[in-house]
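Take a look at the structure below.
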Amino acid sequence: MLKELQLVKEPFKTFEIANKIREEEVGDIVTYVVNRNINFTDICINSCKFCSYRNRRRFVLTIDEIKKKVEEAVNYGCTEVCIQGGLYPKADVEFYKSILKAVRDVSKDIHIHAFSPMEIMHAARNSGCDVEDVLRELKKAGLDSMPGTAAEILDDEIRRIICPDKLSVEEWIDVIKTAHYLGIPTTATIMYGHIESWEHRIRHLMIIREIQEETSGFTEFIPLPFMNKNNELGKIAKQSSGFEDLLMIAIARILLHPLIPNIQASWVKLGVKLAQAALNFGANDLGGTLMEENISRLAGATSGEFLPKEEMEKLIVNAGRIPAERDTLYRIIRVRENV
């Protein structure tokens, strides 16, 4: 841990190392995915103190409404739909399968990136079965990959304060590893900048690294700064500075090298200018166009809900890099020529 903490104490050296690794590992290509968010409900039985989304409108999308959103995504040219929601009280495996079926009724090809580890655990509890059975059923119904959210900080003492009803560190790891072993890749995330320390962040990164050494199932790592508006945690927690955001990205690049080659700078959370800057500090991906982003917006994000692919490519070019559209699994679809 002392060696890793040195990266915090010598930030400018850390920035230099991270950018060099990024350059050697992925070069000047900066990727993004054309996708749409679908948040199917804000009704949630959990009580996470950082959430600004839960039970605000108390809506549940109908199957027809989900299908319409998928149709809009397909017509725009999205290769992915990202589907998550609150923990609807009685949602079981059949409930989540019905959402997947709605997507597949519209498109057999669009990639379904859906359901956090907490949603998987929720489905298992409500269905009276284990996590592996839930994941097998959802994969059979069309699930292609999962967001590695609900990780927050992988430390049970911190979790007892900020999300006491959420799954434990051990449970999160179990869902993620089971998904990987069943051939369901996931992202990996961290939500930082509240009550945790750099020691907590580094331990979190090392857990992610250990899982990747074992399963090779993570497609990318996404540092997510805590957004402090309209939530209980925001009353007592500081937010990270822009400098800290860049240092988080740089340290992630170094500590996860060479196991996770893709480090994402979330334009929604960071804002487009800081996301551009992050491309010089270890990041090589800007995430998705999103088309409809509600959760971060309600927590205070001001960068908008949708970044058209033309704008995405423009900001990459303006940062001196080469834009490339990718799919969810980081297969390049198109590299922009004549940059």
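We name chains A, B, ... following the order of the structure tokens; residues begin at 1 in each chain, and ligands are numbered from 1 as shown.
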Enumerate the residues of stretch 58-131 of chain A with a DSSP assignment of strand (DSSP E or B), computed from the backbone, and present them as JSON, numbers by chain.
{"A": [60, 80, 81, 82, 83, 84, 111, 112, 113, 114]}
Those residues you just picked out, can you put them in a file as a PDB file, in the first residue's frame with C-alpha atoms?
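This went into again.pdb:
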ATOM      1  CA  VAL A  60     -42.427   2.377 -14.075  1.00  0.00           C
ATOM      2  CA  GLU A  80     -26.170  -0.624 -27.317  1.00  0.00           C
ATOM      3  CA  VAL A  81     -28.990  -0.024 -24.873  1.00  0.00           C
ATOM      4  CA  CYS A  82     -27.903   0.423 -21.256  1.00  0.00           C
ATOM      5  CA  ILE A  83     -30.746  -0.567 -18.939  1.00  0.00           C
ATOM      6  CA  GLN A  84     -30.892   0.005 -15.182  1.00  0.00           C
ATOM      7  CA  HIS A 111     -26.302  -5.164 -27.498  1.00  0.00           C
ATOM      8  CA  ILE A 112     -28.127  -5.309 -24.169  1.00  0.00           C
ATOM      9  CA  HIS A 113     -25.931  -3.926 -21.391  1.00  0.00           C
ATOM     10  CA  ALA A 114     -28.153  -4.203 -18.354  1.00  0.00           C
TER      11      ALA A 114
END
Go through stretch 238-285 of chain A and collect every residue that DSSP, computed from the backbone, puts in alpha helix (DSSP H); the answer should be as a VMD selection string.
chain A and resid 242 to 256 267 to 270 272 to 278
Hey, can you check how far atom CA of A:Ile173 sits from atom CA of A:Asp245?
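Calculated distance between atom CA of A:Ile173 and atom CA of A:Asp245 is 24.8 Å.
You will find atom CA of A:Asp327 at 8.1 Å from atom CA of A:Tyr32.
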Which residues are near stretch 2-19 of chain A? Cut-off 7 Å, only C-alpha atoms, ignore same chain within fewer than 5 positions. Put them as a PyMOL selection string.
chain A and resi 247+250-251+253-254+280-282
Go through A:Asn228, A:Asn75, A:Ser266, A:Asn55 one by one, measure the shortest atom-to-atom distance of each to A:His194 using only C-alpha atoms, and give the residue with the smallest value.
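That would be A:Asn228, the residue with the smallest distance to A:His194.
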Selected residue, from A:Ala278, A:Ala252, A:Leu100, A:Cys129, that lies nearest to A:Ala188 when counting only C-alpha atoms
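Checking each of A:Ala278, A:Ala252, A:Leu100, A:Cys129 against A:Ala188, counting only C-alpha atoms, the winner is A:Ala252.
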With distances taken over only C-alpha atoms, which of A:Arg203, A:Ile195, A:Gln264, A:Lys273 is nearest to A:Arg159?
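Distance minimum relative to A:Arg159 lands on A:Ile195.
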